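Right, one structure below, let's go through it.
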Amino acid sequence: MLSLSSLMGTAALMAESDDAQAAIEWAEHFQKNYRLMTDEEKAEARARLEKRYSEEYGKQVTVDTTPAQPGVLMGYALNIRKCIGCRRCVHACVAENNQSRGKNRPGEKIEWIQVLRMERGKFDAEKMNHGYPEGLGIQVGGNAYTPVGQVLEGQYHYTPDLVPEKDATYMPIACMQCEKPPCVKVCPVRTTYREPDGVVVIDYNWCIGCRMCMGACPYWARRLNVTNPVLPKEEMNPVTHYLGNRPRMRGVVEKCHWCLQRTRHGRYPACVEVCPVGARKFGNLLDPNSEVSLILARKNVFRLKADLNTFPKFFYFYD
Amino acid sequence: MLTSFITDYVRYVLKGGAKFYTWMGVLGVLILGMLYVFYLQNTDGLIVTGMTSQIHEGLYFANLVFLVGVAAGAVTIVFPAYGYHHEGMHKVAVLGEMLAITAVIMVMMFVFAHMGRPDRLWHMIPPWGIYSFSSMLGWDVMVLTGYLILNFVCGFYYLWCKYTGRPINYKWFLPVVWIAIVWALSIHTVTAFLISTMPSRPMWHHSMMPIRFITTAFAAGPALIILAFLIIRNNTKFWIEDSVIKLLTTIVIWCLGIAIFLTMSEVVVELYARTEHANGLYYLMFGLHGLTRLVPWFWTSVVLMVGAFILFLIPRFRNDFKLLVIPCVMAFAGIWIEKGMGLIVPGFIPTPIGEVTEYYPSFVEWLMTLGIWAFGFFILTILLKGAIGILLGEVKFGARPAAGSLGAQAAAAK
Amino acid sequence: MKKIALYTTIFALFGGALYVAVAAGKTGAATQPAEAQAATTEAAPAQPAAAAETAAAPADAAKEPVVCFESRKGASEVTQREIRPGWPNVKCSPTTGAALWYGDPFDGTVPMGKMPGLENIPEGHALVKPRSEKLAILPMCATACHNGVGPKFTPPTLPKDKKPTPIPTMEGLLPELKEFQHGRGRLWCLDCHHTTQRNKLVDNFGDPIDFDQSQLLCGKCHGDKLRDWRDGIHGKRIGEWASDGKKRWFLCTECHNPHNVQQGERNRGFAQLQPEPPPPLPKGMPDMKHELVHPVAH
C-alpha cells in the first residue's frame with residue numbers, strides 16, 4: 001500500500017509540473033508533520049514553499065512560521081444583535097486567506113464563513129384553530145406560528161436588495177476554535193491540531209483528505225479543496241503563514257484559523273476589520289482588559305451548540 | 001514447494017473457456033475505466049465526483065461501509081464451521097474466507113477512491129507516518145488490515161495444506177480462526193463507530209449503529225454467499241451441501257428480521273418526537289424543504305427488505321433453491337441501498353448548520369464504483385476458482401493440474 | 001459486448017475531452033484563468049463579457065481612482081492606492097463598493113486626542129480618521145455664515161428659545177434636516193452644535209468638542225454606549241488586537257448618521273445596505289429556493 005501510494009504520488013507529480021517545480025513538490029511530498037519538524041526542517045520547508053509560491057504567483061511571497069506567543073489564548077466574540085447579514089466578513093476572509101475562487105465549476109469557490117438568516121417569524125390569529133384535532137376534537141398542538149428564532153434551519157443563500165431585513169436576524173458561523181475540537185480527535189494522521197494559543201490549525205501538506213474532520217465538525221466549518229485551487233495571481237495575498245493562509249493544494253481540507261498570519265503579529269483578523277457594524281471582537285482571553293474578556297465579564301454570552309461540550313472560544317453575545 | 005503452489009495455482013486459474021475469458025474481459029474493461037477515473041480524480045480532484053463540502057461522503061463511503069459488512073458476513077460460514085462443527089460448512093469455510101479477502105480489498109480500494117490525497121496514505125502508517133489512537137478511522141484501517149491478514153493466513157494455510165496433503169496444525173490454526181471470528185465483529189463495529197461517534201451528525205449518533213451494522217451485514221453477507229454457492233453448485237463439480245445453504249438462509253432470515261426491527265425502532269424513536277435531529281431521517285423518508293431525491297431509494301430499500309423477509313418466511317422460497325435466489329437478491333440490494341445511499345448520504349442532509357443540499361453522484365463516481373465492484377469480482381473469481389480447484393483435488397502438489405473444464409463456474413461468479 | 005465497447009468509446013472520448021479541458025485550464029491559468037477555462041465550457045457566451053470587464057477594470061483604475069466606502073455608505077470613504085508593489089491600502093467589493101480588506105489600517109489617521117478612560121493606551125496608539133475632512137461644508141460654517149460678523153451677528157445674537165425654526169439655507173445644504181429624527185423632537189441643533197463656534201460640537205458645560213471626538217458629545221446621553229465603545233465592545237476598531245495595541249477607532253458618526261440615527265426599515269441605528277453576494281451554489285443544485293420553505297410539515 002505504501003509503495004502504491006508513493007507511486008501514485010510520483011505519477012501525479014510527474015503529470016502536472018515541470019522539473020524544478022516537481023523537485024520542490026517531491027521534497028514537500030516527503031516532509032514530516034509540521035509539529036514534528038525540527039527548526040531546521042521548518043526553515044527548509046518554509047524556504048521551499050516561499051520559492052514555489054513566489055514563482056507560481058509572480059510576486060515575493062512570504063511563509064511565516066511564527067509560533068504561538070506565550071500568555072496568549074485567542075478568543076472571539078460576535079454581537080449577534082448587531083450583525084446585519086451583509087456578508088462582508090465572508091468576502092474579506094476570501095481576500096485575506098487565499099481560498100479558491102473559481103467561477104466556472106461549482107466547488108471551485110470556497111468560503112469559510114457562512115451567514116445564517118433566521119426568520120423573526122410571527123404568530124397568526126387566523127391559524128389559531130389549525131391544530132391537530134384528535135378524535136374527540138381536543139387540540140393536542142397548534143400551527144399558529146411561522147418559525148420564530150429557528151436556529152439552524154438553514155437560510156444561507158438570501159439575496160435581498162438591502163440588509164438587514166425587517167423580518168430577519170443573522171448569525172455568522174465559522175470555525176469555533178473549540179477547546180475540545182471533535183475534528184482533531186477524529187483525524188487519523190494528526191494533521192489538524194490545537195496550537196498553544198488555542199487555534200485549531202491544519203498542516204495542509206500532511207492532510208490525506210479523508211474528511212473525517214468535516215464529518216465530525218458540528219459547525220460545518222471545514223471545506224474540501226475538491227480541485228486544484230483557482231487563485232488568480234493578482235488576487236493572491238503574499239503575506240502567508242504556514243499553518244494559515246498559504247495556498248492550499250487539491251484534495252486537502254481547510255478552515256478558518258483566525259488569520260494566524262495576522263493575529264500572530266498582533267493584527268486583527270480580516271473579518272473583524274471589515275465588519276461595518278463592529279459586531280466582531282477579537283482578543284486575548286487571558287488579558288482581563290481585552291475586548292473579549294470584557295464582553296465575557298459584562299455581556300450575555302452563549303456558545304453555539306454548547307450541549308456538545310466542544311467548548312468553543314467563539315462566543316455569541318448580545319447587548 | 002511454495003513456487004509450485006503459486007505456479008500451479010496461477011496455471012489452474014488462468015485456464016478456462018470462452019465464457020470465463022469473456023467474463024474476465026468485461027471485468028477488465030471496467031477495471032480500466034476505474035483506473036482512468038482514478039487518474040482523473042487525482043489530477044483534477046474530487047470535483048469530478050458529485051461530492052461537495054456539504055455532502056463529502058457519497059457512493060464510495062457508502063460502498064465501503066456496505067462491503068465491510070460483506071467481509072464481516074463471511075463469519076457466518078466460519079463460525080458454524082468451527083464453532084458448531086457443521087460438516088458442510090467446514091468444507092466450504094475457506095470459500096467464505098476468500099470472500100472476506102475480496103471484500104476487504106474492495107473496501108481498501110473504496111478508501112483510496114474516497115481519499116482526497118491517496119498519495120499521502122503513508123502518513124497514517126508508522127514509522128513514516130503517525131498513527132492516531134483517538135481516530136476511529138485509524139482503528140478502522142487497523143482492524144481491516146488485520147482482518148485481511150487473518151483471512152489470508154487462515155484461507156491460504158488451509159489451501160496450502162490441502163494442496164500439499166499435509167495435516168493442518170490445529171494448535172495454532174484454531175486460535176487464529178477464533179481470533180478471525182471475533183475480529184470479523186470488530187471490523188463492522190469499528191466501522192459503525194466511525195460514523196456513530198459523531199454528535200455533529202445526529203442521524204448517526206446512536207448506540208444502535210453497531211448492532212444494526214452487524215445484523216445487516218449478517219443478512220447481506222450470507223445472501224451474497226448463498227448466491228455464490230448456488231452458482232458454484234450449478235456450474236462446477238464442487239458440490240455444496242443443502243444443509244449449508246439452509247443454515248445460511250436461516251441466518252439471513254433472522255438477521256434480516258432483526259435489521260428491519262431495528263430500522264423500525266429508529267423510525268419510531270426519531271419521528272415520534274420529530275426533533276431537528278430527525279431531519280436527516282425525515283429527508284430520507286419524505287424529503288426536506290421539498291427536496292426528495294433520496295425518497296425513492298429509501299422506499300425501494302424498504303420494499304426490497306420487507307419483501308425479501310416475507311418471501312423468506314414462505315417455505316417454498318426457502319426450499320426451492322431456484323426461488324431462493326429472488327429473496328437473496330432482494331435482501332442484498334435492499335441492504336446495499338439501506339446502508340449506502342440510505343444511511344451515509346442523509347447523514348449530511350442537512351449539514352450540521354442546517355443547509356440542505358442534495359447529492360448527485362457523477363458518472364465518474366458510478367464508473368469508479370462499478371470498476372471497483374468489477375475488480376472485486378475479478379479477484380473473487382480467481383480466489384474461488386483456485387480454492388475450488390484445490391478443494392476438488394484438481395490442483396495438487398506433484399500432480400499436473402487437470403485441464404479445467406471449469407470455465408463456466410467463473411462466468412457465473414456474479 | 002458491442003454495447004460495452006460503445007460505452008467504453010463514449011467514455012474514452014468524454015474523458016479525453018475532459019482531460020484536454022483540464023490541461024487547457026492549467027496552462028491558461030498562468031495568464032488569464034477565467035478566459036482559458038471559459039473557452040472550454042459551454043458557458044462561454046457569459047464569460048468573455050466578464051473577462052472584458054476585468055480587463056477594463058485596470059484601465060478605468062488608471063483614469064479614475066477606486067473609492068470605496070468603509071462602514072456606512074456616505075460616511076467615510078477611502079481611495080484605493082498601492083502602498084507597495086502588489087499591496088493596496090484597501091480592497092473594495094466589486095459588487096457593493098464596500099471596503100473589504102485593509103492593507104494598512106492606519107492609512108490617513110491622526111491621534112485621537114484626549115479621551116477619558118483611555119489613559120492607559122500608549123501615546124499614539126489610539127488613532128482616528130479625521131471626520132472634519134469628510135464634512136465638506138464644515139470649514140465654511142464658521143467662515144461663510146456663522147462667522148460672528150454680519151448684520152445679524154454683531155454682537156452675536158442667539159436664539160431666544162430652544163424652539164426649532166426651520167432655516168431654509170441649512171435645509172438646502174443638508175436635506176436630511178427636514179426629517180430630523182434624533183431625539184424624536186426633544187433635541188434641536190444647539191444641543192449638539194456649539195452656539196458660537198459652529199465648526200465644533202458642544203459638551204454639557206458649553207465648551208467646544210472637536211468633530212473628530214464625537215464620542216464625547218454622544219456620550220453625554222448614551223453613557224452606556226460610550227463605556228462599551230471605550231472598552232472595545234461597542235463600535236469598531238481596526239489594527240492591533242491587544243488591549244493596548246495601536247488601533248484606528250471608528251468614531252460614532254462613521255457608523256451612525258447623527259441627524260437620522262434610526263435609518264431604514266429596520267430602525268436599528270444602522271442604515272440598510274446592499275449585501276455581498278451569497279455563497280456559490282453547491283454542485284448539482286439549480287437554486288436554493290427550497291431554503292425558504294419550512295421543513296416541518298403539519
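Letters for chains follow the order of the C-alpha cells (A, B, ...), residue numbers begin at 1 for each chain, and ligand numbers begin at 1 in the order shown.
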
Could you pull out the alpha helix (DSSP H) residues of range 14-79 of chain B from DSSP and send them as JSON, numbers by chain?
{"B": [14, 18, 19, 20, 21, 22, 23, 24, 25, 26, 27, 28, 29, 30, 31, 32, 33, 34, 35, 36, 37, 38, 39, 40, 41, 59, 60, 61, 62, 63, 64, 65, 66, 67, 68, 69, 70, 71, 72, 73, 75, 76, 77, 78, 79]}

Would you put the residues from that selection into a file with C-alpha atoms, as a PDB file, in the first residue's frame?
```
ATOM      1  CA  LEU B  14      -5.778 -18.882 -15.918  1.00  0.00           C
ATOM      2  CA  ALA B  18     -14.722 -18.646 -23.674  1.00  0.00           C
ATOM      3  CA  LYS B  19     -17.286 -17.809 -21.042  1.00  0.00           C
ATOM      4  CA  PHE B  20     -14.549 -17.388 -18.449  1.00  0.00           C
ATOM      5  CA  TYR B  21     -12.468 -15.128 -20.644  1.00  0.00           C
ATOM      6  CA  THR B  22     -15.481 -13.074 -21.668  1.00  0.00           C
ATOM      7  CA  TRP B  23     -16.395 -12.580 -18.024  1.00  0.00           C
ATOM      8  CA  MET B  24     -12.878 -11.632 -17.066  1.00  0.00           C
ATOM      9  CA  GLY B  25     -12.572  -9.450 -20.154  1.00  0.00           C
ATOM     10  CA  VAL B  26     -15.688  -7.480 -19.324  1.00  0.00           C
ATOM     11  CA  LEU B  27     -14.450  -7.025 -15.777  1.00  0.00           C
ATOM     12  CA  GLY B  28     -11.082  -5.981 -17.167  1.00  0.00           C
ATOM     13  CA  VAL B  29     -12.645  -3.238 -19.274  1.00  0.00           C
ATOM     14  CA  LEU B  30     -14.489  -1.894 -16.251  1.00  0.00           C
ATOM     15  CA  ILE B  31     -11.289  -2.024 -14.235  1.00  0.00           C
ATOM     16  CA  LEU B  32      -9.527   0.010 -16.914  1.00  0.00           C
ATOM     17  CA  GLY B  33     -12.348   2.518 -16.738  1.00  0.00           C
ATOM     18  CA  MET B  34     -11.892   2.672 -12.981  1.00  0.00           C
ATOM     19  CA  LEU B  35      -8.185   3.312 -13.350  1.00  0.00           C
ATOM     20  CA  TYR B  36      -8.910   6.148 -15.728  1.00  0.00           C
ATOM     21  CA  VAL B  37     -11.376   7.872 -13.429  1.00  0.00           C
ATOM     22  CA  PHE B  38      -8.966   7.311 -10.564  1.00  0.00           C
ATOM     23  CA  TYR B  39      -6.398   9.207 -12.604  1.00  0.00           C
ATOM     24  CA  LEU B  40      -8.929  11.973 -13.195  1.00  0.00           C
ATOM     25  CA  GLN B  41      -9.704  12.181  -9.500  1.00  0.00           C
ATOM     26  CA  LEU B  59     -21.139   6.450  -3.139  1.00  0.00           C
ATOM     27  CA  TYR B  60     -17.599   5.493  -2.194  1.00  0.00           C
ATOM     28  CA  PHE B  61     -18.106   5.690   1.517  1.00  0.00           C
ATOM     29  CA  ALA B  62     -21.489   4.007   1.182  1.00  0.00           C
ATOM     30  CA  ASN B  63     -19.958   1.080  -0.667  1.00  0.00           C
ATOM     31  CA  LEU B  64     -17.111   0.980   1.792  1.00  0.00           C
ATOM     32  CA  VAL B  65     -19.492   0.626   4.712  1.00  0.00           C
ATOM     33  CA  PHE B  66     -21.544  -1.971   2.895  1.00  0.00           C
ATOM     34  CA  LEU B  67     -18.543  -4.045   1.893  1.00  0.00           C
ATOM     35  CA  VAL B  68     -17.128  -4.051   5.382  1.00  0.00           C
ATOM     36  CA  GLY B  69     -20.394  -5.754   6.212  1.00  0.00           C
ATOM     37  CA  VAL B  70     -19.944  -8.291   3.456  1.00  0.00           C
ATOM     38  CA  ALA B  71     -16.449  -9.002   4.728  1.00  0.00           C
ATOM     39  CA  ALA B  72     -17.732  -9.464   8.229  1.00  0.00           C
ATOM     40  CA  GLY B  73     -20.560 -11.588   6.859  1.00  0.00           C
ATOM     41  CA  VAL B  75     -18.005 -15.168   9.545  1.00  0.00           C
ATOM     42  CA  THR B  76     -21.453 -16.699   9.131  1.00  0.00           C
ATOM     43  CA  ILE B  77     -19.694 -19.582   7.392  1.00  0.00           C
ATOM     44  CA  VAL B  78     -16.593 -19.772   9.503  1.00  0.00           C
ATOM     45  CA  PHE B  79     -18.360 -19.603  12.828  1.00  0.00           C
TER      46      PHE B  79
END
```

Taking only C-alpha atoms into account, which residues of chain B are within 8 Å of chain C, as a ChimeraX atom specification?
/B:26,29,33,40,44,50-52,54,288-291,355-360

Leaving out Ser135 in chain B and any residue of its chain fewer than 5 positions from it, which residues lie within 7 Å of it when counting only C-alpha atoms, given as a PyMOL selection string?
chain A and resi 185-188

Using DSSP on the backbone, list every residue of range 72-284 of chain A that comes out as strand (DSSP E or B), and give them as a PDB file with N, CA and C atoms, in the first residue's frame.
```
ATOM      1  N   MET A  74      -6.259  32.954  22.262  1.00  0.00           N
ATOM      2  CA  MET A  74      -7.111  33.784  21.414  1.00  0.00           C
ATOM      3  C   MET A  74      -8.583  33.471  21.629  1.00  0.00           C
ATOM      4  N   GLY A  75      -9.389  34.515  21.564  1.00  0.00           N
ATOM      5  CA  GLY A  75     -10.827  34.352  21.718  1.00  0.00           C
ATOM      6  C   GLY A  75     -11.560  35.305  20.791  1.00  0.00           C
ATOM      7  N   TYR A  76     -12.790  34.974  20.539  1.00  0.00           N
ATOM      8  CA  TYR A  76     -13.557  35.736  19.558  1.00  0.00           C
ATOM      9  C   TYR A  76     -14.960  35.923  20.114  1.00  0.00           C
ATOM     10  N   ALA A  77     -15.536  37.074  19.860  1.00  0.00           N
ATOM     11  CA  ALA A  77     -16.923  37.279  20.281  1.00  0.00           C
ATOM     12  C   ALA A  77     -17.658  37.998  19.170  1.00  0.00           C
ATOM     13  N   LEU A  78     -18.911  37.616  18.998  1.00  0.00           N
ATOM     14  CA  LEU A  78     -19.691  38.217  17.922  1.00  0.00           C
ATOM     15  C   LEU A  78     -21.018  38.711  18.478  1.00  0.00           C
ATOM     16  N   ASN A  79     -21.288  39.978  18.252  1.00  0.00           N
ATOM     17  CA  ASN A  79     -22.525  40.565  18.742  1.00  0.00           C
ATOM     18  C   ASN A  79     -23.654  40.218  17.779  1.00  0.00           C
ATOM     19  N   ARG A 101     -11.193  30.502  -5.736  1.00  0.00           N
ATOM     20  CA  ARG A 101     -12.319  31.382  -6.073  1.00  0.00           C
ATOM     21  C   ARG A 101     -12.719  31.271  -7.533  1.00  0.00           C
ATOM     22  N   LYS A 109     -15.156  27.401  -5.619  1.00  0.00           N
ATOM     23  CA  LYS A 109     -15.198  28.598  -4.791  1.00  0.00           C
ATOM     24  C   LYS A 109     -15.430  28.181  -3.347  1.00  0.00           C
ATOM     25  N   GLN A 114     -20.113  31.284   6.981  1.00  0.00           N
ATOM     26  CA  GLN A 114     -21.478  31.190   6.482  1.00  0.00           C
ATOM     27  C   GLN A 114     -22.318  32.162   7.295  1.00  0.00           C
ATOM     28  N   VAL A 115     -23.187  32.903   6.655  1.00  0.00           N
ATOM     29  CA  VAL A 115     -24.082  33.771   7.413  1.00  0.00           C
ATOM     30  C   VAL A 115     -25.485  33.186   7.346  1.00  0.00           C
ATOM     31  N   LEU A 116     -25.971  32.829   8.510  1.00  0.00           N
ATOM     32  CA  LEU A 116     -27.288  32.210   8.620  1.00  0.00           C
ATOM     33  C   LEU A 116     -28.348  33.290   8.791  1.00  0.00           C
ATOM     34  N   ARG A 117     -29.382  33.197   7.997  1.00  0.00           N
ATOM     35  CA  ARG A 117     -30.503  34.122   8.139  1.00  0.00           C
ATOM     36  C   ARG A 117     -31.605  33.408   8.904  1.00  0.00           C
ATOM     37  N   MET A 118     -32.052  34.038   9.971  1.00  0.00           N
ATOM     38  CA  MET A 118     -33.116  33.432  10.771  1.00  0.00           C
ATOM     39  C   MET A 118     -34.339  34.309  10.697  1.00  0.00           C
ATOM     40  N   GLU A 119     -35.477  33.685  10.505  1.00  0.00           N
ATOM     41  CA  GLU A 119     -36.691  34.483  10.404  1.00  0.00           C
ATOM     42  C   GLU A 119     -37.185  34.893  11.777  1.00  0.00           C
ATOM     43  N   PHE A 123     -46.725  34.931  14.990  1.00  0.00           N
ATOM     44  CA  PHE A 123     -47.874  34.108  15.343  1.00  0.00           C
ATOM     45  C   PHE A 123     -49.098  34.695  14.664  1.00  0.00           C
ATOM     46  N   PRO A 133     -56.399  18.244  15.646  1.00  0.00           N
ATOM     47  CA  PRO A 133     -57.505  17.747  16.446  1.00  0.00           C
ATOM     48  C   PRO A 133     -57.462  16.231  16.578  1.00  0.00           C
ATOM     49  N   GLN A 139     -57.597  19.746  20.800  1.00  0.00           N
ATOM     50  CA  GLN A 139     -56.328  20.055  20.147  1.00  0.00           C
ATOM     51  C   GLN A 139     -55.156  19.567  20.986  1.00  0.00           C
ATOM     52  N   TYR A 145     -48.183  29.556  14.029  1.00  0.00           N
ATOM     53  CA  TYR A 145     -46.876  30.215  14.015  1.00  0.00           C
ATOM     54  C   TYR A 145     -46.196  29.991  12.675  1.00  0.00           C
ATOM     55  N   VAL A 163     -29.865  44.799   3.321  1.00  0.00           N
ATOM     56  CA  VAL A 163     -29.866  44.148   4.629  1.00  0.00           C
ATOM     57  C   VAL A 163     -29.609  45.222   5.674  1.00  0.00           C
ATOM     58  N   ALA A 168     -35.845  39.553   9.690  1.00  0.00           N
ATOM     59  CA  ALA A 168     -34.819  38.526   9.854  1.00  0.00           C
ATOM     60  C   ALA A 168     -33.712  38.967  10.793  1.00  0.00           C
ATOM     61  N   THR A 169     -33.063  37.995  11.386  1.00  0.00           N
ATOM     62  CA  THR A 169     -31.830  38.251  12.112  1.00  0.00           C
ATOM     63  C   THR A 169     -30.754  37.350  11.502  1.00  0.00           C
ATOM     64  N   TYR A 170     -29.519  37.647  11.827  1.00  0.00           N
ATOM     65  CA  TYR A 170     -28.432  36.957  11.146  1.00  0.00           C
ATOM     66  C   TYR A 170     -27.425  36.414  12.140  1.00  0.00           C
ATOM     67  N   MET A 171     -26.823  35.315  11.761  1.00  0.00           N
ATOM     68  CA  MET A 171     -25.851  34.689  12.644  1.00  0.00           C
ATOM     69  C   MET A 171     -24.720  34.098  11.810  1.00  0.00           C
ATOM     70  N   PRO A 172     -23.568  34.758  11.777  1.00  0.00           N
ATOM     71  CA  PRO A 172     -22.440  34.201  11.032  1.00  0.00           C
ATOM     72  C   PRO A 172     -21.845  33.005  11.783  1.00  0.00           C
ATOM     73  N   ILE A 173     -21.443  32.006  11.022  1.00  0.00           N
ATOM     74  CA  ILE A 173     -20.870  30.790  11.609  1.00  0.00           C
ATOM     75  C   ILE A 173     -19.568  30.459  10.879  1.00  0.00           C
ATOM     76  N   THR A 192      -4.417  17.898  11.849  1.00  0.00           N
ATOM     77  CA  THR A 192      -5.097  19.051  12.419  1.00  0.00           C
ATOM     78  C   THR A 192      -4.952  18.953  13.924  1.00  0.00           C
ATOM     79  N   TYR A 193      -4.590  20.051  14.539  1.00  0.00           N
ATOM     80  CA  TYR A 193      -4.317  20.022  15.970  1.00  0.00           C
ATOM     81  C   TYR A 193      -4.484  21.411  16.545  1.00  0.00           C
ATOM     82  N   ARG A 194      -4.490  21.471  17.854  1.00  0.00           N
ATOM     83  CA  ARG A 194      -4.672  22.752  18.528  1.00  0.00           C
ATOM     84  C   ARG A 194      -3.314  23.365  18.804  1.00  0.00           C
ATOM     85  N   VAL A 200      -7.109  26.029  16.245  1.00  0.00           N
ATOM     86  CA  VAL A 200      -7.018  24.702  15.642  1.00  0.00           C
ATOM     87  C   VAL A 200      -6.557  24.875  14.199  1.00  0.00           C
ATOM     88  N   VAL A 201      -5.430  24.280  13.893  1.00  0.00           N
ATOM     89  CA  VAL A 201      -4.822  24.511  12.582  1.00  0.00           C
ATOM     90  C   VAL A 201      -4.707  23.202  11.802  1.00  0.00           C
ATOM     91  N   ILE A 202      -4.324  23.331  10.537  1.00  0.00           N
ATOM     92  CA  ILE A 202      -4.144  22.167   9.672  1.00  0.00           C
ATOM     93  C   ILE A 202      -2.796  22.287   8.980  1.00  0.00           C
ATOM     94  N   ARG A 223     -13.852  22.937   4.862  1.00  0.00           N
ATOM     95  CA  ARG A 223     -14.126  22.826   3.431  1.00  0.00           C
ATOM     96  C   ARG A 223     -13.052  21.966   2.776  1.00  0.00           C
ATOM     97  N   LEU A 224     -13.465  21.297   1.716  1.00  0.00           N
ATOM     98  CA  LEU A 224     -12.534  20.446   0.989  1.00  0.00           C
ATOM     99  C   LEU A 224     -12.150  21.130  -0.316  1.00  0.00           C
ATOM    100  N   VAL A 239       1.313  37.659   1.897  1.00  0.00           N
ATOM    101  CA  VAL A 239       1.731  37.510   3.299  1.00  0.00           C
ATOM    102  C   VAL A 239       0.996  36.297   3.870  1.00  0.00           C
ATOM    103  N   THR A 240       1.738  35.201   4.073  1.00  0.00           N
ATOM    104  CA  THR A 240       1.066  33.966   4.481  1.00  0.00           C
ATOM    105  C   THR A 240       1.717  33.365   5.718  1.00  0.00           C
ATOM    106  N   HIS A 241       0.987  32.457   6.328  1.00  0.00           N
ATOM    107  CA  HIS A 241       1.534  31.685   7.435  1.00  0.00           C
ATOM    108  C   HIS A 241       1.471  30.215   7.047  1.00  0.00           C
ATOM    109  N   VAL A 253      -8.189  19.542   3.272  1.00  0.00           N
ATOM    110  CA  VAL A 253      -9.246  20.259   3.972  1.00  0.00           C
ATOM    111  C   VAL A 253      -8.681  21.570   4.510  1.00  0.00           C
ATOM    112  N   GLU A 254      -9.513  22.584   4.544  1.00  0.00           N
ATOM    113  CA  GLU A 254      -9.076  23.870   5.089  1.00  0.00           C
ATOM    114  C   GLU A 254     -10.211  24.476   5.890  1.00  0.00           C
ATOM    115  N   ARG A 267      -2.167  41.698  14.703  1.00  0.00           N
ATOM    116  CA  ARG A 267      -3.199  42.360  13.903  1.00  0.00           C
ATOM    117  C   ARG A 267      -4.533  41.623  14.035  1.00  0.00           C
ATOM    118  N   ARG A 280     -17.941  42.148  15.369  1.00  0.00           N
ATOM    119  CA  ARG A 280     -16.928  41.116  15.578  1.00  0.00           C
ATOM    120  C   ARG A 280     -15.809  41.626  16.472  1.00  0.00           C
ATOM    121  N   LYS A 281     -15.483  40.855  17.506  1.00  0.00           N
ATOM    122  CA  LYS A 281     -14.495  41.256  18.502  1.00  0.00           C
ATOM    123  C   LYS A 281     -13.484  40.141  18.677  1.00  0.00           C
ATOM    124  N   PHE A 282     -12.246  40.542  18.825  1.00  0.00           N
ATOM    125  CA  PHE A 282     -11.203  39.540  18.930  1.00  0.00           C
ATOM    126  C   PHE A 282     -10.183  39.982  19.959  1.00  0.00           C
ATOM    127  N   GLY A 283      -9.663  39.025  20.711  1.00  0.00           N
ATOM    128  CA  GLY A 283      -8.637  39.416  21.669  1.00  0.00           C
ATOM    129  C   GLY A 283      -8.103  38.241  22.465  1.00  0.00           C
ATOM    130  N   ASN A 284      -7.330  38.592  23.479  1.00  0.00           N
ATOM    131  CA  ASN A 284      -6.661  37.605  24.305  1.00  0.00           C
ATOM    132  C   ASN A 284      -7.535  37.291  25.519  1.00  0.00           C
TER     133      ASN A 284
END
```

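Distance-wise, CA of Val151 in chain A and CA of Pro202 in chain B end up 15.6 Å apart.
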
Once you count only C-alpha atoms, which residues of chain A turn out to be within 7 Å of chain B? Could you give them as a PyMOL selection string?
chain A and resi 2+5-6+8-9+12+107+152-155+185-190+206+208-210+216-220+223-224+226-228+250-252

Sorted per-residue table, chain C near chain A, closest atoms and distance, 8 Å, only C-alpha atoms, as a tab-separated table:
```
residue	atom	partner	partner_atom	distance
C:Ala29	CA	A:Pro232	CA	7.6
C:Pro33	CA	A:Pro232	CA	7.2
C:Ala34	CA	A:Lys103	CA	7.7
C:Gln37	CA	A:Asn104	CA	7.3
C:Ala38	CA	A:Asn104	CA	7.2
C:Thr41	CA	A:Asn104	CA	7.9
C:Glu70	CA	A:Pro276	CA	7.1
C:Ser71	CA	A:Pro276	CA	4.2
C:Arg72	CA	A:Pro276	CA	6.8
C:Gly86	CA	A:Glu234	CA	7.5
C:Ala99	CA	A:Val274	CA	6.9
C:Leu100	CA	A:Ala92	CA	5.0
C:Trp101	CA	A:Ala92	CA	5.5
C:Tyr102	CA	A:Glu273	CA	7.4
C:Asp231	CA	A:Glu291	CA	6.5
C:Gly232	CA	A:Glu291	CA	5.3
C:Ile233	CA	A:Glu291	CA	5.9
C:His234	CA	A:Gly278	CA	6.9
C:Gly235	CA	A:Gly278	CA	4.8
C:Lys236	CA	A:Gly278	CA	4.2
C:Arg237	CA	A:Glu273	CA	7.0
C:Ile238	CA	A:Glu273	CA	5.1
C:Gly239	CA	A:Arg267	CA	5.6
C:Glu240	CA	A:Arg267	CA	4.2
C:Trp241	CA	A:Tyr268	CA	5.1
C:Ala242	CA	A:Gly283	CA	6.3
C:Ser243	CA	A:Ser290	CA	4.8
C:Gly245	CA	A:Gly266	CA	7.9
C:Cys255	CA	A:Val277	CA	7.0
C:Glu265	CA	A:Lys166	CA	6.2
C:Arg266	CA	A:Lys166	CA	4.9
C:Phe270	CA	A:Val277	CA	7.6
C:Gln272	CA	A:Val163	CA	5.2
C:Leu273	CA	A:Leu162	CA	4.9
C:Gln274	CA	A:Leu162	CA	4.5
C:Pro275	CA	A:Cys86	CA	4.2
C:Glu276	CA	A:Arg87	CA	5.4
C:Pro277	CA	A:Thr159	CA	7.2
C:Pro278	CA	A:His157	CA	5.2
C:Pro279	CA	A:His157	CA	6.4
C:Pro280	CA	A:Lys109	CA	6.7
C:Leu281	CA	A:Pro106	CA	6.6
C:Pro282	CA	A:Pro106	CA	6.1
C:Lys283	CA	A:Pro106	CA	5.1
C:Met288	CA	A:His157	CA	6.5
C:Glu291	CA	A:Gln155	CA	5.3
C:Leu292	CA	A:Gln155	CA	6.9
C:His294	CA	A:Pro147	CA	7.8
C:His298	CA	A:Asn143	CA	7.6
```

Find the residues around His194 in chain C up to 12 Å (only C-alpha atoms counted), leave out those fewer than 2 positions away in its own chain, and share them as a VMD selection string.
chain C and resid 141 to 142 146 158 188 to 192 196 to 211 217

Considering only C-alpha atoms, can you say which of B:Phe377, B:Tyr163, B:Trp178, B:Phe298 comes closest to Asp8 in chain B?
B:Tyr163

Spatial neighbours of Leu159 in chain B, max dist 8 Å, only C-alpha atoms, sep filter under 3 positions, as a list in words:
Val94, Gly155, Phe156, Lys162, Tyr163, Ala387, Ile390 and Leu391 of chain B

Can you write just those residues out, C-alpha atoms, as a PDB file, in the first residue's frame?
```pdb
ATOM      1  CA  VAL B  94     -12.330 -21.437   3.045  1.00  0.00           C
ATOM      2  CA  GLY B 155      -7.537 -19.318   3.973  1.00  0.00           C
ATOM      3  CA  PHE B 156      -4.252 -19.922   2.282  1.00  0.00           C
ATOM      4  CA  LYS B 162      -4.902 -29.331   1.112  1.00  0.00           C
ATOM      5  CA  TYR B 163      -2.513 -28.725  -1.772  1.00  0.00           C
ATOM      6  CA  ALA B 387      -9.749 -22.586  -3.919  1.00  0.00           C
ATOM      7  CA  ILE B 390      -7.598 -27.236  -4.580  1.00  0.00           C
ATOM      8  CA  LEU B 391     -10.621 -28.461  -2.641  1.00  0.00           C
TER       9      LEU B 391
END
```
